[in-house]
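Containing mmCIF, C-alpha atoms and all ligand atoms: run-v2.cif.
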data_start
#
loop_
_atom_site.label_atom_id
_atom_site.label_comp_id
_atom_site.auth_asym_id
_atom_site.auth_seq_id
_atom_site.Cartn_x
_atom_site.Cartn_y
_atom_site.Cartn_z
CA MET V 82 95.86 101.00 107.40
CA GLU V 83 98.60 100.01 105.02
CA LEU V 84 99.13 98.63 101.55
CA PRO V 85 102.23 97.42 99.69
CA GLY V 86 104.65 100.29 99.08
CA ALA V 87 105.41 99.09 95.53
CA LEU V 88 102.23 100.68 94.23
CA SER V 89 102.99 104.15 92.90
CA PRO V 90 100.38 106.93 92.44
CA PRO V 91 99.15 106.21 88.85
CA TRP V 92 98.50 102.60 89.77
CA TRP V 93 96.59 103.61 92.86
CA LEU V 94 93.92 105.33 90.81
CA LEU V 95 93.40 102.36 88.51
CA LEU V 96 93.46 99.87 91.33
CA LEU V 97 91.27 101.75 93.78
CA PRO V 98 87.91 100.12 92.89
CA LEU V 99 89.52 96.69 92.80
CA LEU V 100 91.22 97.23 96.13
CA ALA V 101 88.01 98.52 97.65
CA LEU V 102 86.20 95.34 96.59
CA LEU V 103 88.97 93.12 97.89
CA LEU V 104 89.08 94.92 101.22
CA TRP V 105 85.34 94.75 101.61
CA ALA V 106 85.34 91.01 100.88
CA THR V 107 87.99 90.30 103.54
CA ARG V 108 86.52 92.43 106.32
CA ARG V 109 84.89 89.62 108.23
CA SER V 110 86.86 87.01 110.10
CA SER V 111 85.74 83.38 110.38
CA TRP V 112 86.22 83.65 114.16
CA GLU V 113 84.12 86.03 116.22
CA PRO V 114 85.52 87.18 119.63
CA ARG V 115 82.04 87.76 121.02
CA GLU V 116 81.19 84.10 120.51
CA CYS V 117 84.29 82.95 122.44
CA PRO V 118 83.41 82.22 126.07
CA ALA V 119 87.01 82.37 127.43
CA ASP V 120 87.03 83.91 130.89
CA LEU V 121 90.25 85.42 132.25
CA THR V 122 89.29 85.91 135.89
CA GLY V 123 92.46 85.73 138.01
CA LYS V 124 94.69 86.21 134.97
CA THR V 125 96.92 89.13 134.07
CA VAL V 126 97.52 90.42 130.56
CA ILE V 127 99.71 93.13 129.05
CA VAL V 128 98.83 94.86 125.78
CA THR V 129 101.44 97.26 124.35
CA GLY V 130 100.24 100.27 122.36
CA ALA V 131 96.81 99.87 123.94
CA ASN V 132 95.67 103.49 123.78
CA SER V 133 94.36 103.35 120.22
CA GLY V 134 93.43 101.23 117.22
CA ILE V 135 93.78 97.46 117.40
CA GLY V 136 95.55 97.49 120.78
CA LYS V 137 92.71 99.36 122.48
CA CYS V 138 90.13 96.93 121.07
CA VAL V 139 92.22 93.96 122.24
CA ALA V 140 92.58 95.45 125.73
CA MET V 141 88.84 96.15 125.80
CA ASP V 142 88.06 92.52 124.94
CA LEU V 143 90.49 91.09 127.51
CA ALA V 144 89.19 93.44 130.21
CA ARG V 145 85.66 92.33 129.37
CA ARG V 146 86.83 88.77 130.07
CA ASN V 147 87.79 89.97 133.58
CA ALA V 148 91.57 89.94 133.16
CA ARG V 149 93.75 92.29 135.16
CA THR V 150 94.58 94.33 132.06
CA ILE V 151 97.80 96.33 131.88
CA LEU V 152 97.85 98.96 129.14
CA ALA V 153 101.50 99.57 128.20
CA CYS V 154 101.55 102.99 126.55
CA ARG V 155 104.14 105.69 125.99
CA SER V 156 101.85 108.65 126.72
CA ARG V 157 100.38 109.04 130.22
CA GLU V 158 97.58 111.21 128.86
CA ARG V 159 96.53 108.95 125.98
CA GLY V 160 97.03 105.82 128.08
CA GLN V 161 94.96 107.11 131.00
CA ALA V 162 92.15 108.16 128.65
CA ALA V 163 92.05 104.59 127.30
CA VAL V 164 92.08 103.16 130.84
CA GLU V 165 89.06 105.31 131.77
CA GLU V 166 87.22 104.35 128.58
CA ILE V 167 87.85 100.61 129.05
CA ARG V 168 86.96 100.68 132.76
CA ALA V 169 83.70 102.50 131.97
CA ALA V 170 82.77 100.17 129.09
CA THR V 171 83.62 96.89 130.84
CA GLY V 172 83.06 97.67 134.53
CA ASN V 173 86.46 96.05 135.21
CA PRO V 174 88.33 98.15 137.82
CA ALA V 175 91.54 96.15 137.30
CA VAL V 176 92.50 98.02 134.14
CA VAL V 177 95.75 99.89 134.74
CA LEU V 178 98.29 101.97 132.88
CA ARG V 179 102.04 101.41 132.92
CA LEU V 180 104.29 103.63 130.86
CA LEU V 181 106.34 101.97 128.13
CA ASP V 182 108.17 103.32 125.10
CA THR V 183 109.09 100.25 123.07
CA GLY V 184 111.62 102.34 121.13
CA SER V 185 113.78 102.82 124.22
CA LEU V 186 115.61 99.87 125.76
CA ALA V 187 115.89 101.85 129.02
CA SER V 188 112.11 102.30 129.08
CA VAL V 189 111.58 98.60 128.31
CA ARG V 190 113.89 97.65 131.18
CA ALA V 191 112.16 100.04 133.61
CA PHE V 192 108.73 98.74 132.58
CA ALA V 193 109.78 95.09 132.91
CA SER V 194 111.38 95.71 136.32
CA ALA V 195 108.17 97.29 137.60
CA VAL V 196 106.09 94.39 136.27
CA LEU V 197 108.41 91.79 137.81
CA ARG V 198 108.38 93.65 141.12
CA GLU V 199 104.67 94.33 141.34
CA GLU V 200 102.81 91.65 139.39
CA SER V 201 102.50 88.11 140.69
CA ARG V 202 101.70 86.57 137.31
CA LEU V 203 101.53 87.18 133.57
CA ASP V 204 99.29 85.02 131.40
CA VAL V 205 99.23 86.87 128.08
CA LEU V 206 101.70 89.34 126.58
CA VAL V 207 100.44 91.07 123.44
CA ASN V 208 103.22 92.87 121.55
CA ASN V 209 100.99 95.17 119.53
CA ALA V 210 102.70 98.60 119.60
CA GLY V 211 103.91 99.53 116.14
CA ILE V 212 104.54 102.41 113.83
CA THR V 213 105.16 103.08 110.14
CA GLY V 214 106.18 106.00 107.95
CA LEU V 215 108.87 107.37 110.26
CA PRO V 216 111.99 108.79 108.65
CA PHE V 217 115.32 107.01 109.12
CA ALA V 218 116.76 108.08 112.49
CA ILE V 219 119.15 106.74 115.09
CA THR V 220 118.02 106.83 118.73
CA SER V 221 120.25 107.93 121.62
CA GLU V 222 120.82 104.20 122.22
CA GLY V 223 122.30 103.75 118.74
CA LEU V 224 119.31 101.95 117.21
CA GLU V 225 117.29 102.78 114.10
CA GLN V 226 113.97 104.07 115.47
CA THR V 227 111.45 102.00 113.46
CA PHE V 228 113.41 98.81 114.17
CA ALA V 229 113.68 99.72 117.86
CA ILE V 230 109.95 100.42 118.26
CA ASN V 231 108.54 97.56 116.18
CA TYR V 232 111.05 94.82 116.82
CA LEU V 233 113.99 95.24 119.21
CA GLY V 234 112.02 96.78 122.10
CA PRO V 235 109.38 94.00 121.95
CA PHE V 236 112.20 91.41 121.68
CA LEU V 237 113.79 92.69 124.90
CA LEU V 238 110.46 93.11 126.66
CA THR V 239 109.41 89.54 125.94
CA ASN V 240 112.72 88.12 127.08
CA LEU V 241 112.68 90.10 130.32
CA LEU V 242 109.18 88.82 131.11
CA LEU V 243 109.77 85.20 130.12
CA ASP V 244 110.39 83.86 133.62
CA LEU V 245 107.11 85.37 134.84
CA LEU V 246 105.26 83.94 131.83
CA LYS V 247 106.80 80.50 132.46
CA ALA V 248 105.84 80.64 136.13
CA SER V 249 102.25 81.44 135.07
CA ALA V 250 102.03 78.71 132.38
CA PRO V 251 100.02 77.97 130.39
CA ALA V 252 100.76 81.43 129.04
CA ARG V 253 100.84 83.05 125.61
CA VAL V 254 102.98 85.58 123.75
CA VAL V 255 101.17 87.20 120.82
CA ASN V 256 103.15 89.22 118.29
CA VAL V 257 101.21 91.50 115.97
CA SER V 258 102.90 91.29 112.57
CA SER V 259 101.44 92.08 109.15
CA PHE V 260 100.90 90.61 105.69
CA ARG V 261 103.56 93.17 104.75
CA HIS V 262 106.19 90.84 106.28
CA SER V 263 106.18 89.01 102.95
CA VAL V 264 107.88 91.95 101.18
CA GLY V 265 110.33 92.52 104.03
CA THR V 266 114.01 91.65 104.06
CA VAL V 267 116.26 90.99 107.03
CA ASP V 268 119.75 92.24 107.62
CA THR V 269 120.96 92.64 111.19
CA GLY V 270 122.70 95.89 110.08
CA PHE V 271 119.19 97.43 109.77
CA LEU V 272 118.84 97.38 113.56
CA THR V 273 121.58 99.95 114.12
CA GLY V 274 121.11 101.80 110.83
CA GLN V 275 124.46 100.56 109.46
CA ARG V 276 122.49 99.42 106.45
CA ARG V 277 119.08 100.58 105.21
CA PRO V 278 116.31 98.40 103.82
CA GLY V 279 115.43 100.80 100.98
CA ARG V 280 112.54 103.24 100.87
CA TYR V 281 111.32 104.41 104.28
CA ASP V 282 108.29 102.13 104.44
CA ALA V 283 110.48 99.12 103.57
CA ALA V 284 111.74 99.42 107.15
CA TYR V 285 108.21 98.66 108.35
CA SER V 286 107.94 95.47 106.25
CA SER V 287 111.34 94.37 107.54
CA THR V 288 110.31 94.85 111.17
CA LYS V 289 107.17 92.83 110.53
CA LEU V 290 109.28 90.03 109.02
CA MET V 291 111.50 90.21 112.10
CA ASN V 292 108.38 89.82 114.27
CA VAL V 293 107.59 86.49 112.55
CA LEU V 294 111.20 85.24 112.70
CA PHE V 295 111.39 86.21 116.38
CA THR V 296 108.15 84.34 117.07
CA ALA V 297 109.44 81.15 115.44
CA GLU V 298 112.75 81.18 117.31
CA LEU V 299 111.06 82.09 120.58
CA ALA V 300 108.61 79.20 120.21
CA ARG V 301 111.52 76.83 119.54
CA ARG V 302 113.25 77.99 122.72
CA LEU V 303 110.01 77.76 124.75
CA GLN V 304 109.24 74.15 123.85
CA GLY V 305 108.10 72.23 126.92
CA THR V 306 107.58 75.34 129.09
CA GLY V 307 103.84 75.73 128.59
CA VAL V 308 104.36 79.19 127.07
CA THR V 309 103.36 79.55 123.43
CA ALA V 310 104.28 82.27 120.94
CA ASN V 311 102.42 83.09 117.74
CA ALA V 312 102.38 85.90 115.20
CA LEU V 313 99.45 87.22 113.22
CA SER V 314 98.25 89.62 110.58
CA PRO V 315 95.31 91.86 111.52
CA GLY V 316 94.52 92.56 107.84
CA VAL V 317 94.03 96.04 106.43
CA VAL V 318 92.51 98.00 109.28
CA SER V 319 91.22 101.54 109.52
CA THR V 320 93.32 103.01 112.35
CA GLY V 321 95.69 105.94 112.82
CA ILE V 322 98.76 103.98 111.71
CA MET V 323 99.09 106.03 108.50
CA ARG V 324 99.48 109.30 110.38
CA HIS V 325 103.18 109.71 109.50
CA PHE V 326 102.58 109.22 105.76
CA SER V 327 102.39 112.07 103.24
CA TRP V 328 99.04 113.82 102.88
CA THR V 329 98.59 112.38 99.36
CA ALA V 330 99.02 108.82 100.61
CA ARG V 331 96.64 109.56 103.47
CA ALA V 332 94.11 111.10 101.10
CA LEU V 333 94.19 108.06 98.81
CA PHE V 334 93.86 105.65 101.69
CA GLY V 335 91.10 107.85 103.03
CA LEU V 336 89.04 106.85 99.99
CA LEU V 337 89.53 103.18 100.88
CA ARG V 338 88.81 103.61 104.59
CA PRO V 339 85.07 102.75 104.39
CA PHE V 340 85.98 99.38 102.85
CA MET V 341 88.58 98.39 105.44
CA LYS V 342 88.17 96.42 108.63
CA SER V 343 87.25 98.50 111.66
CA ALA V 344 89.73 98.43 114.55
CA GLU V 345 87.36 96.04 116.32
CA GLN V 346 87.30 93.65 113.34
CA GLY V 347 91.07 93.99 112.99
CA ALA V 348 91.56 92.96 116.62
CA ALA V 349 89.97 89.52 116.05
CA SER V 350 93.12 87.63 115.01
CA THR V 351 95.08 89.02 117.99
CA ILE V 352 92.29 88.08 120.42
CA PHE V 353 92.09 84.64 118.77
CA CYS V 354 95.79 84.03 119.48
CA ALA V 355 95.49 85.44 123.01
CA VAL V 356 92.46 83.57 124.34
CA SER V 357 90.86 81.06 121.99
CA GLU V 358 90.59 77.38 122.81
CA GLU V 359 91.48 76.68 119.16
CA ALA V 360 94.91 78.35 119.57
CA ALA V 361 95.72 76.67 122.90
CA GLY V 362 98.97 74.71 122.69
CA ILE V 363 99.78 75.97 119.17
CA SER V 364 103.16 77.67 119.02
CA GLY V 365 105.55 79.18 116.49
CA LYS V 366 102.80 79.75 113.93
CA TYR V 367 101.44 82.60 111.87
CA PHE V 368 97.71 83.33 111.65
CA ASP V 369 96.08 85.37 108.90
CA SER V 370 93.52 88.10 109.45
CA SER V 371 90.71 85.53 109.34
CA CYS V 372 92.29 83.67 112.28
CA ARG V 373 93.38 80.79 110.07
CA LEU V 374 96.77 79.13 110.26
CA ALA V 375 98.76 80.40 107.30
CA LEU V 376 102.19 79.87 105.85
CA PRO V 377 104.32 83.00 106.23
CA SER V 378 106.84 83.94 103.53
CA ALA V 379 109.87 81.75 102.76
CA ALA V 380 112.16 84.24 104.55
CA ALA V 381 109.94 84.08 107.62
CA ARG V 382 110.40 80.29 107.69
CA ASP V 383 114.21 80.46 107.48
CA ALA V 384 115.33 78.93 110.80
CA ALA V 385 118.99 79.90 110.31
CA LEU V 386 117.99 83.52 109.68
CA ALA V 387 115.79 83.47 112.79
CA ARG V 388 118.70 82.21 114.89
CA LYS V 389 121.07 84.81 113.47
CA LEU V 390 118.58 87.61 114.13
CA TRP V 391 118.01 86.34 117.68
CA GLU V 392 121.74 86.30 118.44
CA ALA V 393 122.28 89.82 117.05
CA SER V 394 119.26 91.05 119.02
CA GLU V 395 120.62 89.51 122.23
CA ARG V 396 123.91 91.32 121.73
CA LEU V 397 122.27 94.65 120.93
CA THR V 398 119.92 94.54 123.91
CA GLY V 399 122.63 93.35 126.31
CA LEU V 400 120.71 90.16 127.09
CA THR V 401 123.79 87.97 126.63
CA GLU V 402 125.66 90.01 129.29
CA ARG V 403 122.81 89.47 131.77
CA GLU V 404 123.00 85.69 131.65
N1 LIG V 501 96.21 99.04 110.71
C1 LIG V 501 96.62 98.12 109.86
O1 LIG V 501 96.16 98.02 108.70
C2 LIG V 501 97.65 97.13 110.29
C3 LIG V 501 97.98 96.11 109.41
C4 LIG V 501 98.95 95.18 109.78
C5 LIG V 501 99.55 95.28 111.01
N2 LIG V 501 99.21 96.28 111.87
C6 LIG V 501 99.88 96.33 113.17
O2 LIG V 501 98.94 96.46 114.20
C7 LIG V 501 99.56 97.08 115.33
C8 LIG V 501 98.66 98.16 115.86
O3 LIG V 501 98.54 99.19 114.89
P1 LIG V 501 97.21 100.02 114.65
O4 LIG V 501 96.82 99.81 113.26
O5 LIG V 501 96.23 99.77 115.74
O6 LIG V 501 97.79 101.50 114.71
P2 LIG V 501 97.61 102.67 115.79
O7 LIG V 501 96.19 102.99 116.03
O8 LIG V 501 98.53 103.74 115.33
O9 LIG V 501 98.17 102.01 117.10
C9 LIG V 501 99.53 101.84 117.35
C10 LIG V 501 99.76 101.89 118.85
O10 LIG V 501 101.15 101.66 119.07
C11 LIG V 501 101.59 102.68 119.96
N3 LIG V 501 103.00 102.97 119.82
C12 LIG V 501 103.66 103.46 118.74
N4 LIG V 501 104.94 103.64 119.05
C13 LIG V 501 105.11 103.26 120.34
C14 LIG V 501 106.20 103.22 121.22
N5 LIG V 501 107.41 103.65 120.86
N6 LIG V 501 106.01 102.76 122.48
C15 LIG V 501 104.79 102.36 122.88
N7 LIG V 501 103.70 102.39 122.09
C16 LIG V 501 103.87 102.84 120.84
C17 LIG V 501 100.76 103.90 119.61
O11 LIG V 501 100.81 104.83 120.66
P3 LIG V 501 100.82 106.42 120.42
O12 LIG V 501 99.38 106.83 120.42
O13 LIG V 501 101.57 106.95 121.59
O14 LIG V 501 101.50 106.69 119.11
C18 LIG V 501 99.40 103.26 119.43
O15 LIG V 501 98.78 103.08 120.66
C19 LIG V 501 100.92 97.56 114.85
O16 LIG V 501 101.92 96.67 115.28
C20 LIG V 501 100.80 97.51 113.34
O17 LIG V 501 102.05 97.30 112.72
C21 LIG V 501 98.29 97.21 111.54
#
Structure encoded using structure tokens:
Amino acid sequence: MELPGALSPPWWLLLLPLLALLLWATRRSSWEPRECPADLTGKTVIVTGANSGIGKCVAMDLARRNARTILACRSRERGQAAVEEIRAATGNPAVVLRLLDTGSLASVRAFASAVLREESRLDVLVNNAGITGLPFAITSEGLEQTFAINYLGPFLLTNLLLDLLKASAPARVVNVSSFRHSVGTVDTGFLTGQRRPGRYDAAYSSTKLMNVLFTAELARRLQGTGVTANALSPGVVSTGIMRHFSWTARALFGLLRPFMKSAEQGAASTIFCAVSEEAAGISGKYFDSSCRLALPSAAARDAALARKLWEASERLTGLTERE
């Protein structure tokens, strides 16, 4: 549940009824997962951050389509609870937990190694895990934490799993971004905290812009492999994503909660990119929360910026040394 950070408290009060109306009007998507017959028997999918919110609903949907569904979560307790819930609701016994902290490159490497060792295929990778409202902090690996969790960890994860995705083609990478990418800015110094994007929630918008740039460059590099990569906005969704915000911000958003998309409704655009016939073969694009192709911001379409970000990310994750 998030709204542009530029709105300061007095404006909130005036805008609340208008926002509520707008949110209510955009709750429904033009594409309905339940009407999509895609069956994933024999396929394997990974959903990061699958123990709550949008990720759990996506994992639930994919498990219902009979996929071997790997929930990539950082907490064993929360992850296992989601596994039990999804198994019980879908009757799919092939729902499993693997531990992953996307904010730690070491954890990403350990997770990817286990997947490459133990899984014979990977058909869909959903990079959903994300966080907002964290204070500026540098991790033990020298990365700024919000950038590590939302962008650099998923960048490394995807790259480490690319060979398995290619061997399983046609396969799909789905990156959960946000409409907030349009107010983001990109500077590779943000990744290590050398430079700061501004107020603390500006970091979130920047990571979501990086998700779209990463998707475009990845798709360019994947041309001809049968693996597609797309980014999407889930819309404004009532989940726990605001939990690190101040109590006043949470209280104000609490008033809007009844008008927002439910987590299930918010999962539609991710599921659309992951399984729909309509999205098959489409790559390097951005879908809005109604599952329609949309033009991302001008910065998100800057191919030179995407290349520069990719190269800096390769250096920071040690990918260039590997090859
Ligand atoms: N809700 C919205 O309005 C909205 C709008 C636009 C985009 N999005 C995007 O949608 C995605 C899902 O968010 P949500 O709204 O469903 O929020 P959520 O309920 O808070 O879910 C976020 C998930 O990401 C996981 N996660 C956070 N940090 C992680 C880490 N370091 N390693 C592994 N997993 C981690 C969380 O696990 P824990 O339980 O362990 O924290 C949780 O399962 C995010 O990428 C978010 O940016 C949401």
- Task: Take the point (100.7, 99.8, 135.3) in the file's coordinates, draw a sphere of radius 9 Å around it, and report as a PyMOL selection string every protein, DNA or RNA residue with an atom inside or on it, counting all atoms listed in the file.
- Result: chain V and resi 150-153+176-180+192+195-196
- Message: List as a PyMOL selection string the protein and nucleic acid residues near Asn147 (chain V), meaning an atom at most 8 Å away when only C-alpha atoms are counted, but skip any in the same chain fewer than 4 places from it.
- Response: chain V and resi 120-124+143+173
- Message: Just checking: using all atoms listed in the file, which residue out of V:Ala229, V:Leu390, V:Ile219, V:Leu224 ends up closest to Thr296 (chain V)?
- Response: V:Leu390
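CA of Ser319 (chain V) sits 11.1 Å away from CA of Leu336 (chain V).
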At a cut-off of 7 Å and counting all atoms listed in the file, what residues surround ligand LIG 501 (chain V)? Please answer as a PDB file with C-alpha atoms, keeping the file's coordinate frame.
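The file below, result38.pdb, is the result:
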ATOM      1  CA  MET V  82      95.860 101.000 107.400  1.00  0.00           C
ATOM      2  CA  GLU V  83      98.600 100.010 105.020  1.00  0.00           C
ATOM      3  CA  THR V 129     101.440  97.260 124.350  1.00  0.00           C
ATOM      4  CA  GLY V 130     100.240 100.270 122.360  1.00  0.00           C
ATOM      5  CA  ALA V 131      96.810  99.870 123.940  1.00  0.00           C
ATOM      6  CA  ASN V 132      95.670 103.490 123.780  1.00  0.00           C
ATOM      7  CA  SER V 133      94.360 103.350 120.220  1.00  0.00           C
ATOM      8  CA  GLY V 134      93.430 101.230 117.220  1.00  0.00           C
ATOM      9  CA  ILE V 135      93.780  97.460 117.400  1.00  0.00           C
ATOM     10  CA  GLY V 136      95.550  97.490 120.780  1.00  0.00           C
ATOM     11  CA  ALA V 153     101.500  99.570 128.200  1.00  0.00           C
ATOM     12  CA  CYS V 154     101.550 102.990 126.550  1.00  0.00           C
ATOM     13  CA  ARG V 155     104.140 105.690 125.990  1.00  0.00           C
ATOM     14  CA  SER V 156     101.850 108.650 126.720  1.00  0.00           C
ATOM     15  CA  ARG V 159      96.530 108.950 125.980  1.00  0.00           C
ATOM     16  CA  LEU V 181     106.340 101.970 128.130  1.00  0.00           C
ATOM     17  CA  ASP V 182     108.170 103.320 125.100  1.00  0.00           C
ATOM     18  CA  THR V 183     109.090 100.250 123.070  1.00  0.00           C
ATOM     19  CA  GLY V 184     111.620 102.340 121.130  1.00  0.00           C
ATOM     20  CA  ASN V 209     100.990  95.170 119.530  1.00  0.00           C
ATOM     21  CA  ALA V 210     102.700  98.600 119.600  1.00  0.00           C
ATOM     22  CA  GLY V 211     103.910  99.530 116.140  1.00  0.00           C
ATOM     23  CA  ILE V 212     104.540 102.410 113.830  1.00  0.00           C
ATOM     24  CA  ILE V 230     109.950 100.420 118.260  1.00  0.00           C
ATOM     25  CA  ASN V 231     108.540  97.560 116.180  1.00  0.00           C
ATOM     26  CA  VAL V 257     101.210  91.500 115.970  1.00  0.00           C
ATOM     27  CA  SER V 258     102.900  91.290 112.570  1.00  0.00           C
ATOM     28  CA  SER V 259     101.440  92.080 109.150  1.00  0.00           C
ATOM     29  CA  PHE V 260     100.900  90.610 105.690  1.00  0.00           C
ATOM     30  CA  SER V 314      98.250  89.620 110.580  1.00  0.00           C
ATOM     31  CA  PRO V 315      95.310  91.860 111.520  1.00  0.00           C
ATOM     32  CA  GLY V 316      94.520  92.560 107.840  1.00  0.00           C
ATOM     33  CA  VAL V 317      94.030  96.040 106.430  1.00  0.00           C
ATOM     34  CA  VAL V 318      92.510  98.000 109.280  1.00  0.00           C
ATOM     35  CA  SER V 319      91.220 101.540 109.520  1.00  0.00           C
ATOM     36  CA  THR V 320      93.320 103.010 112.350  1.00  0.00           C
ATOM     37  CA  GLY V 321      95.690 105.940 112.820  1.00  0.00           C
ATOM     38  CA  ILE V 322      98.760 103.980 111.710  1.00  0.00           C
ATOM     39  CA  ALA V 344      89.730  98.430 114.550  1.00  0.00           C
TER      40      ALA V 344
END
